[in-house]
Every structure is written in structure tokens, then in C-alpha cells.
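Visitor: As input, take upload07.cif (mmCIF, C-alpha atoms):
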```
data_query
#
loop_
_atom_site.label_atom_id
_atom_site.label_comp_id
_atom_site.auth_asym_id
_atom_site.auth_seq_id
_atom_site.Cartn_x
_atom_site.Cartn_y
_atom_site.Cartn_z
CA MET A 1021 -14.68 0.63 8.46
CA ASP A 1022 -16.00 0.05 11.96
CA ARG A 1023 -13.36 1.75 14.09
CA SER A 1024 -13.76 -0.46 17.18
CA SER A 1025 -13.52 -3.72 15.25
CA GLU A 1026 -10.53 -2.43 13.26
CA ILE A 1027 -8.67 -1.57 16.46
CA ALA A 1028 -9.53 -4.93 18.02
CA ASP A 1029 -8.58 -6.97 14.96
CA PHE A 1030 -5.32 -5.14 14.42
CA LEU A 1031 -4.14 -5.37 18.03
CA ARG A 1032 -5.16 -9.03 18.32
CA SER A 1033 -3.35 -9.89 15.09
CA ARG A 1034 -0.17 -8.12 16.25
CA ARG A 1035 -0.04 -9.76 19.69
CA ALA A 1036 -0.88 -13.17 18.18
CA ARG A 1037 2.35 -13.20 16.18
CA ILE A 1038 4.63 -12.70 19.23
CA THR A 1039 5.39 -15.72 21.40
CA PRO A 1040 6.06 -15.36 25.15
CA ASP A 1041 9.59 -16.67 24.53
CA GLN A 1042 10.19 -13.91 21.98
CA ALA A 1043 8.92 -11.36 24.47
CA GLY A 1044 11.21 -12.73 27.18
CA LEU A 1045 8.34 -13.69 29.48
CA PRO A 1046 8.73 -16.46 32.07
CA GLY A 1047 6.94 -19.74 31.49
CA GLY A 1048 6.83 -19.18 27.77
CA GLY A 1049 7.26 -22.86 26.99
CA ARG A 1050 3.87 -23.89 28.37
CA ALA A 1051 1.12 -24.90 25.96
CA ARG A 1052 -1.51 -22.25 25.24
CA ARG A 1053 -4.98 -22.40 23.81
CA VAL A 1054 -4.34 -19.41 21.54
CA PRO A 1055 -1.09 -18.25 19.91
CA GLY A 1056 0.82 -15.21 20.95
CA LEU A 1057 0.60 -12.93 23.94
CA ARG A 1058 -2.34 -12.49 26.27
CA ARG A 1059 -3.81 -9.04 26.88
CA GLY A 1060 -2.33 -8.89 30.36
CA GLU A 1061 1.13 -9.70 29.04
CA VAL A 1062 0.96 -6.92 26.47
CA ALA A 1063 -0.22 -4.57 29.20
CA ASP A 1064 2.70 -5.53 31.44
CA LEU A 1065 5.20 -5.06 28.62
CA ALA A 1066 3.71 -1.64 27.81
CA GLY A 1067 3.51 -0.55 31.45
CA VAL A 1068 -0.27 -0.05 31.52
CA SER A 1069 -3.02 -1.82 33.39
CA THR A 1070 -4.74 -4.85 31.88
CA GLU A 1071 -8.07 -3.07 32.23
CA TYR A 1072 -6.83 -0.06 30.26
CA TYR A 1073 -5.29 -2.19 27.51
CA THR A 1074 -8.52 -4.20 27.28
CA ARG A 1075 -10.49 -0.99 26.79
CA LEU A 1076 -8.05 0.10 24.09
CA GLU A 1077 -8.39 -3.21 22.27
CA GLN A 1078 -12.16 -2.88 22.44
CA GLY A 1079 -12.06 0.64 21.04
CA ARG A 1080 -13.16 2.15 24.35
CA GLY A 1081 -9.85 3.57 25.56
CA GLY A 1082 -10.14 7.05 24.13
CA THR A 1083 -7.11 8.65 22.53
CA PRO A 1084 -3.92 7.46 24.28
CA SER A 1085 -0.95 9.73 24.85
CA PRO A 1086 2.08 9.56 22.54
CA GLU A 1087 3.97 7.87 25.38
CA VAL A 1088 1.39 5.07 25.64
CA LEU A 1089 1.36 4.63 21.87
CA GLU A 1090 5.15 4.32 21.86
CA ALA A 1091 5.05 1.79 24.72
CA LEU A 1092 2.43 -0.30 22.89
CA ALA A 1093 4.45 -0.14 19.68
CA ARG A 1094 7.53 -1.42 21.51
CA ALA A 1095 5.58 -4.18 23.28
CA LEU A 1096 4.01 -5.37 20.02
CA ARG A 1097 7.23 -4.87 18.01
CA LEU A 1098 5.53 -2.70 15.41
CA ASP A 1099 7.43 -1.39 12.42
CA LEU A 1100 7.07 2.22 11.25
CA ALA A 1101 4.04 1.56 9.04
CA GLU A 1102 2.32 -0.39 11.80
CA ARG A 1103 3.00 2.40 14.31
CA GLU A 1104 1.48 4.90 11.91
CA HIS A 1105 -1.54 2.65 11.41
CA LEU A 1106 -2.07 2.16 15.15
CA SER A 1107 -1.86 5.91 15.68
CA ASP A 1108 -4.45 6.46 12.94
CA LEU A 1109 -6.80 3.85 14.43
CA LEU A 1110 -6.52 5.24 17.96
CA ALA A 1111 -6.78 8.89 16.96
CA ARG A 1112 -9.85 10.87 17.93
CA PRO A 1113 -12.61 9.59 15.61
CA ALA A 1114 -13.85 11.98 12.98
CA SER A 1115 -17.37 12.13 11.61
CA ALA A 1116 -18.60 8.74 10.51
CA ARG A 1117 -20.20 10.25 7.41
CA ARG A 1118 -18.55 8.90 4.29
CA THR A 1119 -17.03 11.58 2.12
CA SER A 1120 -15.75 11.81 -1.43
CA ALA A 1121 -12.27 13.32 -1.50
CA SER A 1122 -11.69 16.15 -3.92
CA PRO A 1123 -10.02 15.15 -7.23
CA GLN A 1124 -6.25 15.03 -7.13
CA ARG A 1125 -4.20 16.87 -9.71
CA VAL A 1126 -0.52 16.56 -10.53
CA ARG A 1127 1.29 19.87 -10.76
CA PRO A 1128 3.01 20.72 -14.06
CA GLY A 1129 6.50 20.38 -12.64
CA LEU A 1130 5.89 16.72 -11.80
CA HIS A 1131 4.51 16.06 -15.27
CA LEU A 1132 7.71 17.56 -16.64
CA MET A 1133 9.77 15.33 -14.35
CA LEU A 1134 8.02 12.24 -15.73
CA GLN A 1135 8.91 13.31 -19.26
CA THR A 1136 12.52 13.92 -18.18
CA LEU A 1137 12.72 10.38 -16.77
CA GLU A 1138 12.28 8.98 -20.26
CA HIS A 1139 14.75 6.08 -19.94
CA VAL A 1140 13.01 4.33 -17.01
CA PRO A 1141 9.39 3.70 -16.02
CA ALA A 1142 8.00 6.34 -13.65
CA PHE A 1143 4.52 7.21 -12.43
CA ILE A 1144 2.69 9.11 -9.70
CA LEU A 1145 0.30 7.41 -7.30
CA GLY A 1146 -2.42 9.21 -5.40
CA ARG A 1147 -4.96 8.13 -2.84
CA ARG A 1148 -6.16 4.52 -3.07
CA THR A 1149 -3.15 3.77 -5.38
CA ASP A 1150 -4.79 5.78 -8.16
CA VAL A 1151 -2.36 6.28 -11.05
CA LEU A 1152 -2.47 10.04 -11.53
CA ALA A 1153 0.23 10.28 -14.19
CA SER A 1154 2.72 7.99 -15.92
CA ASN A 1155 5.44 8.20 -18.52
CA ARG A 1156 5.60 6.18 -21.71
CA LEU A 1157 7.82 3.37 -20.37
CA ALA A 1158 5.62 2.90 -17.32
CA ARG A 1159 2.66 2.39 -19.63
CA GLU A 1160 4.69 -0.07 -21.69
CA VAL A 1161 6.09 -2.10 -18.79
CA LEU A 1162 2.90 -2.23 -16.68
CA THR A 1163 -0.22 -1.37 -18.65
CA ASP A 1164 -1.48 1.60 -20.63
CA PHE A 1165 -3.27 3.47 -17.85
CA ASP A 1166 -4.00 6.38 -20.22
CA ALA A 1167 -6.14 4.06 -22.34
CA LEU A 1168 -8.39 3.29 -19.36
CA PRO A 1169 -11.31 5.40 -18.13
CA VAL A 1170 -10.12 7.73 -15.38
CA PRO A 1171 -11.90 5.84 -12.54
CA LYS A 1172 -10.12 2.61 -13.61
CA ARG A 1173 -6.57 4.01 -13.51
CA ASN A 1174 -5.62 2.30 -10.27
CA LEU A 1175 -2.58 0.17 -9.45
CA ALA A 1176 -4.38 -2.14 -7.01
CA ARG A 1177 -7.17 -2.75 -9.50
CA TYR A 1178 -4.58 -3.57 -12.17
CA TYR A 1179 -2.55 -5.96 -10.02
CA LEU A 1180 -5.52 -7.79 -8.51
CA LEU A 1181 -8.14 -7.76 -11.27
CA ASP A 1182 -6.36 -7.63 -14.64
CA PRO A 1183 -5.62 -11.20 -15.85
CA GLU A 1184 -2.59 -9.88 -17.73
CA ALA A 1185 -1.01 -8.72 -14.47
CA ARG A 1186 -0.81 -12.27 -13.11
CA GLU A 1187 1.34 -13.21 -16.09
CA ARG A 1188 3.33 -9.99 -16.38
CA VAL A 1189 4.18 -9.35 -12.71
CA GLY A 1190 6.91 -11.54 -11.27
CA ASP A 1191 6.15 -12.77 -7.72
CA TRP A 1192 2.54 -11.75 -8.34
CA ALA A 1193 1.18 -13.02 -5.02
CA GLN A 1194 3.76 -11.07 -3.01
CA ILE A 1195 3.27 -7.84 -4.97
CA ALA A 1196 -0.52 -8.15 -4.81
CA ALA A 1197 -0.48 -8.83 -1.06
CA GLU A 1198 1.82 -5.85 -0.49
CA THR A 1199 -0.56 -3.65 -2.48
CA VAL A 1200 -3.44 -4.77 -0.25
CA ALA A 1201 -1.30 -3.83 2.76
CA MET A 1202 -0.86 -0.36 1.26
CA LEU A 1203 -4.65 -0.04 1.01
CA ARG A 1204 -4.96 -1.21 4.64
CA LEU A 1205 -2.65 1.57 5.76
CA GLU A 1206 -4.67 4.13 3.82
CA ALA A 1207 -7.94 2.81 5.22
CA GLY A 1208 -6.70 3.60 8.72
CA ARG A 1209 -5.79 7.12 7.65
CA HIS A 1210 -8.97 7.79 5.65
CA PRO A 1211 -11.64 5.54 7.23
CA HIS A 1212 -14.56 7.40 5.65
CA ASP A 1213 -13.25 7.63 2.08
CA ARG A 1214 -16.15 6.51 -0.13
CA GLY A 1215 -13.88 5.81 -3.09
CA LEU A 1216 -11.65 3.56 -1.01
CA ALA A 1217 -14.67 1.72 0.40
CA ASP A 1218 -15.95 1.16 -3.15
CA LEU A 1219 -12.56 -0.14 -4.27
CA VAL A 1220 -12.31 -2.55 -1.32
CA GLY A 1221 -15.82 -3.79 -2.07
CA GLU A 1222 -14.97 -4.40 -5.73
CA LEU A 1223 -11.74 -6.22 -4.86
CA THR A 1224 -13.57 -8.34 -2.27
CA LEU A 1225 -16.08 -9.49 -4.87
CA ARG A 1226 -13.75 -10.00 -7.81
CA CYS A 1227 -10.37 -11.14 -6.40
CA PRO A 1228 -10.46 -14.54 -4.62
CA GLU A 1229 -7.30 -13.84 -2.63
CA PHE A 1230 -8.20 -10.33 -1.49
CA THR A 1231 -10.27 -11.16 1.61
CA THR A 1232 -7.51 -13.32 3.11
CA TRP A 1233 -4.90 -10.61 2.61
CA TRP A 1234 -7.23 -7.87 3.87
CA ASN A 1235 -8.07 -9.82 7.02
CA ASP A 1236 -4.36 -10.35 7.79
CA HIS A 1237 -4.25 -6.65 8.77
CA HIS A 1238 -0.77 -6.23 7.34
CA VAL A 1239 0.11 -2.62 6.57
CA LEU A 1240 2.88 -1.27 4.36
CA ARG A 1241 4.25 2.07 3.27
CA ARG A 1242 6.25 1.34 0.17
CA THR A 1243 9.52 3.25 -0.03
CA HIS A 1244 11.97 1.13 -2.04
CA GLY A 1245 12.57 -2.43 -3.16
CA THR A 1246 12.81 -4.61 -6.24
CA LYS A 1247 10.37 -5.51 -8.99
CA HIS A 1248 10.35 -8.12 -11.73
CA TYR A 1249 8.16 -7.93 -14.83
CA ARG A 1250 7.82 -10.26 -17.79
CA HIS A 1251 7.28 -8.07 -20.83
CA PRO A 1252 5.82 -9.86 -23.88
CA VAL A 1253 8.37 -8.21 -26.19
CA ALA A 1254 11.30 -7.10 -24.00
CA GLY A 1255 11.39 -10.23 -21.82
CA ASP A 1256 12.35 -10.29 -18.13
CA LEU A 1257 12.89 -6.86 -16.61
CA TYR A 1258 14.39 -6.31 -13.15
CA PHE A 1259 14.13 -2.99 -11.35
CA ALA A 1260 15.22 -1.33 -8.12
CA TYR A 1261 12.36 1.02 -7.38
CA GLU A 1262 12.26 4.16 -5.25
CA SER A 1263 9.08 5.78 -4.00
CA PHE A 1264 8.87 9.12 -2.22
CA GLN A 1265 6.43 11.93 -1.57
CA PRO A 1266 6.79 15.16 -3.55
CA ALA A 1267 6.90 18.22 -1.31
CA GLY A 1268 3.52 19.77 -0.71
CA ASP A 1269 1.27 16.75 -1.17
CA PRO A 1270 1.44 13.85 1.34
CA ASP A 1271 -1.19 11.94 -0.66
CA GLN A 1272 0.98 11.60 -3.78
CA SER A 1273 4.01 9.38 -4.36
CA LEU A 1274 6.52 9.50 -7.20
CA CYS A 1275 7.58 5.95 -8.13
CA VAL A 1276 10.67 5.38 -10.28
CA TYR A 1277 11.79 1.97 -11.57
CA ASN A 1278 15.55 2.19 -11.94
CA ALA A 1279 17.62 -0.22 -14.03
CA GLU A 1280 21.28 -1.01 -13.35
CA PRO A 1281 23.40 0.75 -16.00
CA GLY A 1282 24.74 -1.72 -18.54
CA SER A 1283 22.36 -4.47 -17.41
CA ALA A 1284 20.16 -6.56 -19.67
CA THR A 1285 17.15 -4.64 -18.33
CA ALA A 1286 18.71 -1.28 -19.24
CA GLU A 1287 19.38 -2.53 -22.77
CA ALA A 1288 15.86 -3.96 -23.05
CA LEU A 1289 14.40 -0.62 -21.95
CA ARG A 1290 16.51 1.19 -24.53
CA LEU A 1291 15.19 -1.05 -27.27
CA LEU A 1292 11.64 -0.88 -25.95
CA SER A 1293 11.84 2.90 -25.90
CA SER A 1294 13.09 3.04 -29.50
CA TRP A 1295 10.33 0.70 -30.67
CA THR A 1296 7.60 2.72 -29.01
CA THR A 1297 8.80 6.29 -29.61
CA PRO A 1298 5.85 8.27 -30.98
CA GLY A 1299 6.13 9.75 -34.44
CA PRO A 1300 6.66 13.46 -35.08
CA GLN A 1301 2.91 14.10 -35.23
CA ALA A 1302 2.11 12.16 -32.07
CA ARG A 1303 1.73 13.87 -28.73
CA THR A 1304 1.82 12.21 -25.33
CA THR A 1305 -0.94 13.22 -22.95
CA PRO A 1306 -0.21 12.39 -19.31
CA ALA A 1307 -2.88 10.80 -17.14
CA ASP A 1308 -4.27 13.78 -15.26
CA ALA A 1309 -6.83 14.66 -12.67
CA ARG A 1310 -8.85 12.37 -10.51
#
```
For the file at hand, write its structure as C-alpha cells.
Guide:
Amino acid sequence: MDRSSEIADFLRSRRARITPDQAGLPGGGRARRVPGLRRGEVADLAGVSTEYYTRLEQGRGGTPSPEVLEALARALRLDLAEREHLSDLLARPASARRTSASPQRVRPGLHLMLQTLEHVPAFILGRRTDVLASNRLAREVLTDFDALPVPKRNLARYYLLDPEARERVGDWAQIAAETVAMLRLEAGRHPHDRGLADLVGELTLRCPEFTTWWNDHHVLRRTHGTKHYRHPVAGDLYFAYESFQPAGDPDQSLCVYNAEPGSATAEALRLLSSWTTPGPQARTTPADAR
């Protein structure tokens, strides 16, 4: 990513979505050539000079203090993920040389946890939404990540490039767009990650919708919510998912798809689990290192 253009595009997109009326500015009802707030209005709301805000938006403002970042976040009405993203973008730039991150490995205790969560789908995401490990029901409900080559075990690649995902994932457009927003957040945190750049390039070329979502500059840190899948055998499945970081590794997330006890989904999962239980000679091998 070009840091200056990323800063400019993100700040412009955030101020464009706020009307003067919403910001409580006088004269907000007058027609404007462009939507949203002007630079000077954002500067006034944040308590900084227009010249300084302009330099920030152009990527020439250096590294602002935490107080200035907080004031900008309030003025632009940023949520927690957007605040994190702005902080990443405005942080002191690191070397522009692209790097390949070291392979991620899931510690044995987390593999054991996935096996313990045998009644619901569960998996572990790493950088770039790489699927580092998954239990049997996760591979049944989504796709069999273990059957893919290691470089292809990626949630964004599955959602956006696998034709089956468009049929299996309920509200596909929303889920796919949210996944792109997750990649946007990571791009701000790891701007020189070669693997992420390669993934974005592949998605740009192969997914018609990706460029529009990427250029929206939406960012998202997924923590909890709902999911709907259409399984070819088990039918419609509805989940309340939880996602959180295991202690000791901020670049990994444990994702668990919970089903309401006694619900049709819980019963469908029970049947799906019984149909797919490996025989006594079979052994499950978790998706491992990247």
C-alpha cells in the first residue's frame, strides 16, 4: 500500500459520510458540491488547524499525539476498528520493503480445544484470514480446508472465489464485504506483508465485487454476530458466532459457531456429526502450520 494515499482515501471517505447537520454545524442545509464535511470543518471539530489537518490527510502530518488521534476519531465518529485503523495508518512508517511473515503455528492446547468443541463448528484464523486449524464440523459446514493445499486454506479466498460459497453462505454479499473489511484492517496493521499483497491482487483479478468493497475503505474487527449457511445435506443452519484472540498471539483468532440448544440447527449438527464421524481406523489431522 502507498501510505499517503491510504491515509488520504480513508480520511476523505470517513468525512464524506458525515453531513454538516449530523455534526451540528451551522448552515448545514445549504447545497454542497461534494458530500460530507470539508477539511476545515473536521479541523474545527477536532480542535486543530485546517493546515495541520490538511497535512495529515495528505500523509505529511507526521505521527500525531494520542490526544489528536482521539479528537479526530470523535470528529469523524469512528468506531473502535476505524480508530485502530487510523492509528495504524498514522503511525511512524516502517521500512517500505515488503516482507514475508514467518509461518504461524497453532499450539497443541488450541488443537485440543478444537477437538473438545466437537458439537459445533470451530476454527482458528491467522493473518490474512488464513485458516490455521479447524474441527470436523467446521470443515463440514464451510468447506474441507484440510483437503486444500496449505497456501489455499484462507477464509477470504473461500468466500470470494469458491463458487460453492455463493450458494452455501447466507447473505453472501454482506459476509463477503465484511471479510474484505477485515483484510482492510489488517492491511493497515501490516502494510508490507507480501502474502497479504498477493492475496489482495488475486482477489482483485478474480472477484468482480472485490474492488468496490476494497475502495470503500470499510474496516472491521469481527468479534461476534450471526451466520447462516445452507448445507446440502443438513439444510439451513443458523449460528451465533464468537471470535476472540487466544492469549499470547494477537494474530490468531478462535472462532466458534454456537447453536441454540434444542434448536433445529443443533439437531441438524447432531445428525451431521453422526453421519460424518470417522471410523475406528480413521484419524483426524488438524490443519497446521502456515
Visitor: Could you check which of A:Ile1027, A:Leu1132, A:Ala1254, A:Ala1111 is closest to Thr1074 of chain A, using all atoms listed in the file?
Guide: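 Nearest to Thr1074 of chain A: A:Ile1027.
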Visitor: Considering only C-alpha atoms, tabulate each residue of segment 1062-1178 of chain A that lies at most 12 Å from segment 1261-1271 of chain A along with its nearest interatomic pair and the corresponding distance in Å to one decimal; arrange the rows by chain and ascending residue number and present them as JSON lines.
Guide:
```
{"residue": "A:Ala1121", "atom": "CA", "partner": "A:Asp1271", "partner_atom": "CA", "distance": 11.2}
{"residue": "A:Ser1122", "atom": "CA", "partner": "A:Asp1271", "partner_atom": "CA", "distance": 11.8}
{"residue": "A:Pro1123", "atom": "CA", "partner": "A:Asp1271", "partner_atom": "CA", "distance": 11.5}
{"residue": "A:Gln1124", "atom": "CA", "partner": "A:Asp1271", "partner_atom": "CA", "distance": 8.8}
{"residue": "A:Arg1125", "atom": "CA", "partner": "A:Asp1269", "partner_atom": "CA", "distance": 10.1}
{"residue": "A:Val1126", "atom": "CA", "partner": "A:Asp1269", "partner_atom": "CA", "distance": 9.5}
{"residue": "A:Arg1127", "atom": "CA", "partner": "A:Asp1269", "partner_atom": "CA", "distance": 10.1}
{"residue": "A:Gly1129", "atom": "CA", "partner": "A:Pro1266", "partner_atom": "CA", "distance": 10.5}
{"residue": "A:Leu1130", "atom": "CA", "partner": "A:Pro1266", "partner_atom": "CA", "distance": 8.4}
{"residue": "A:His1131", "atom": "CA", "partner": "A:Pro1266", "partner_atom": "CA", "distance": 12.0}
{"residue": "A:Met1133", "atom": "CA", "partner": "A:Pro1266", "partner_atom": "CA", "distance": 11.2}
{"residue": "A:Val1140", "atom": "CA", "partner": "A:Tyr1261", "partner_atom": "CA", "distance": 10.2}
{"residue": "A:Pro1141", "atom": "CA", "partner": "A:Tyr1261", "partner_atom": "CA", "distance": 9.5}
{"residue": "A:Ala1142", "atom": "CA", "partner": "A:Tyr1261", "partner_atom": "CA", "distance": 9.3}
{"residue": "A:Phe1143", "atom": "CA", "partner": "A:Ser1263", "partner_atom": "CA", "distance": 9.7}
{"residue": "A:Ile1144", "atom": "CA", "partner": "A:Ser1263", "partner_atom": "CA", "distance": 9.2}
{"residue": "A:Leu1145", "atom": "CA", "partner": "A:Asp1271", "partner_atom": "CA", "distance": 8.2}
{"residue": "A:Gly1146", "atom": "CA", "partner": "A:Asp1271", "partner_atom": "CA", "distance": 5.6}
{"residue": "A:Arg1147", "atom": "CA", "partner": "A:Asp1271", "partner_atom": "CA", "distance": 5.8}
{"residue": "A:Arg1148", "atom": "CA", "partner": "A:Asp1271", "partner_atom": "CA", "distance": 9.3}
{"residue": "A:Thr1149", "atom": "CA", "partner": "A:Asp1271", "partner_atom": "CA", "distance": 9.6}
{"residue": "A:Asp1150", "atom": "CA", "partner": "A:Asp1271", "partner_atom": "CA", "distance": 10.4}
{"residue": "A:Val1151", "atom": "CA", "partner": "A:Asp1271", "partner_atom": "CA", "distance": 11.9}
{"residue": "A:Leu1152", "atom": "CA", "partner": "A:Asp1271", "partner_atom": "CA", "distance": 11.1}
```
Visitor: Please write the residues from the selection above to a file, keeping C-alpha atoms, as a compact mmCIF listing (two decimals), in the coordinates of the input.
Guide:
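The new file result.txt reads:
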```txt
# COMPACT_ATOMS: atom_id res chain seq x y z
CA ALA A 1121 -12.27 13.32 -1.50
CA SER A 1122 -11.69 16.15 -3.92
CA PRO A 1123 -10.02 15.15 -7.23
CA GLN A 1124 -6.25 15.03 -7.13
CA ARG A 1125 -4.20 16.87 -9.71
CA VAL A 1126 -0.52 16.56 -10.53
CA ARG A 1127 1.29 19.87 -10.76
CA GLY A 1129 6.50 20.38 -12.64
CA LEU A 1130 5.89 16.72 -11.80
CA HIS A 1131 4.51 16.06 -15.27
CA MET A 1133 9.77 15.33 -14.35
CA VAL A 1140 13.01 4.33 -17.01
CA PRO A 1141 9.39 3.70 -16.02
CA ALA A 1142 8.00 6.34 -13.65
CA PHE A 1143 4.52 7.21 -12.43
CA ILE A 1144 2.69 9.11 -9.70
CA LEU A 1145 0.30 7.41 -7.30
CA GLY A 1146 -2.42 9.21 -5.40
CA ARG A 1147 -4.96 8.13 -2.84
CA ARG A 1148 -6.16 4.52 -3.07
CA THR A 1149 -3.15 3.77 -5.38
CA ASP A 1150 -4.79 5.78 -8.16
CA VAL A 1151 -2.36 6.28 -11.05
CA LEU A 1152 -2.47 10.04 -11.53
```
Visitor: Smallest atom-to-atom distance to Ser1293 of chain A: which of A:Asp1164, A:Arg1075, A:Arg1186, A:His1139, using all atoms listed in the file?
Guide: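 The closest residue to Ser1293 of chain A is A:His1139.
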Visitor: Grab the atom CA of Trp1233 of chain A to atom CA of Leu1100 of chain A distance for me, in Å with one decimal place.
Guide: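 Atom-to-atom, atom CA of Trp1233 of chain A and atom CA of Leu1100 of chain A are spaced 19.6 Å apart.
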Visitor: Which residues fall under the PyMOL selection byres ((chain A and resi 1031) around 12) in this file, as a PyMOL selection string?
Guide: chain A and resi 1024-1030+1032-1038+1056-1059+1062-1063+1073-1079+1092-1093+1095-1098+1102-1103+1105-1107+1109-1110+1236-1238
Visitor: Could you work out how far atom CA of Arg1204 of chain A lies from atom CA of Ala1217 of chain A, giving the answer in Å with one decimal?
Guide: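 So the two atoms, atom CA of Ala1217 of chain A and atom CA of Arg1204 of chain A, lie 11.0 Å apart.
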Visitor: Write out as a ChimeraX atom specification the residues lying within 12 Å of segment 1286-1292 of chain A, counting all atoms listed in the file and excluding same-chain residues fewer than 5 positions away.
Guide: /A:1138-1141,1156-1161,1249-1260,1277-1281,1297-1298
Visitor: Apply the PyMOL selection byres ((chain A and resi 1199) around 9) to the file shown and report the selected residues as a list of chain:residue names.
Guide: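 Applied to this file, the PyMOL selection byres ((chain A and resi 1199) around 9) returns A:Thr1149, A:Leu1175, A:Ala1176, A:Tyr1179, A:Leu1180, A:Gln1194, A:Ile1195, A:Ala1196, A:Ala1197, A:Glu1198, A:Val1200, A:Ala1201, A:Met1202, A:Leu1203, A:Arg1204, A:Leu1240, A:Arg1242.
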Visitor: Once you have the residues from the selection above, write them out as a JSON list (two decimals), keeping the file's coordinate frame, restricted to C-alpha atoms.
Guide:
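The resulting file, out-v4.json, is reproduced below:
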```json
[["chain", "number", "residue", "atom", "x", "y", "z"],
["A", 1149, "THR", "CA", -3.15, 3.77, -5.38],
["A", 1175, "LEU", "CA", -2.58, 0.17, -9.45],
["A", 1176, "ALA", "CA", -4.38, -2.14, -7.01],
["A", 1179, "TYR", "CA", -2.55, -5.96, -10.02],
["A", 1180, "LEU", "CA", -5.52, -7.79, -8.51],
["A", 1194, "GLN", "CA", 3.76, -11.07, -3.01],
["A", 1195, "ILE", "CA", 3.27, -7.84, -4.97],
["A", 1196, "ALA", "CA", -0.52, -8.15, -4.81],
["A", 1197, "ALA", "CA", -0.48, -8.83, -1.06],
["A", 1198, "GLU", "CA", 1.82, -5.85, -0.49],
["A", 1200, "VAL", "CA", -3.44, -4.77, -0.25],
["A", 1201, "ALA", "CA", -1.30, -3.83, 2.76],
["A", 1202, "MET", "CA", -0.86, -0.36, 1.26],
["A", 1203, "LEU", "CA", -4.65, -0.04, 1.01],
["A", 1204, "ARG", "CA", -4.96, -1.21, 4.64],
["A", 1240, "LEU", "CA", 2.88, -1.27, 4.36],
["A", 1242, "ARG", "CA", 6.25, 1.34, 0.17]]
```
Visitor: As an exercise, work out the distance from atom CA of Gln1042 of chain A to atom CA of Arg1023 of chain A in Å and give it to one decimal place.
Guide: 29.4 Å
Visitor: Go through A:Ser1069, A:Thr1232, A:Thr1296, A:Asn1155 one by one, measure the shortest atom-to-atom distance of each to Ala1193 of chain A using only C-alpha atoms, and give the residue with the smallest value.
Guide: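 Distance minimum relative to Ala1193 of chain A lands on A:Thr1232.
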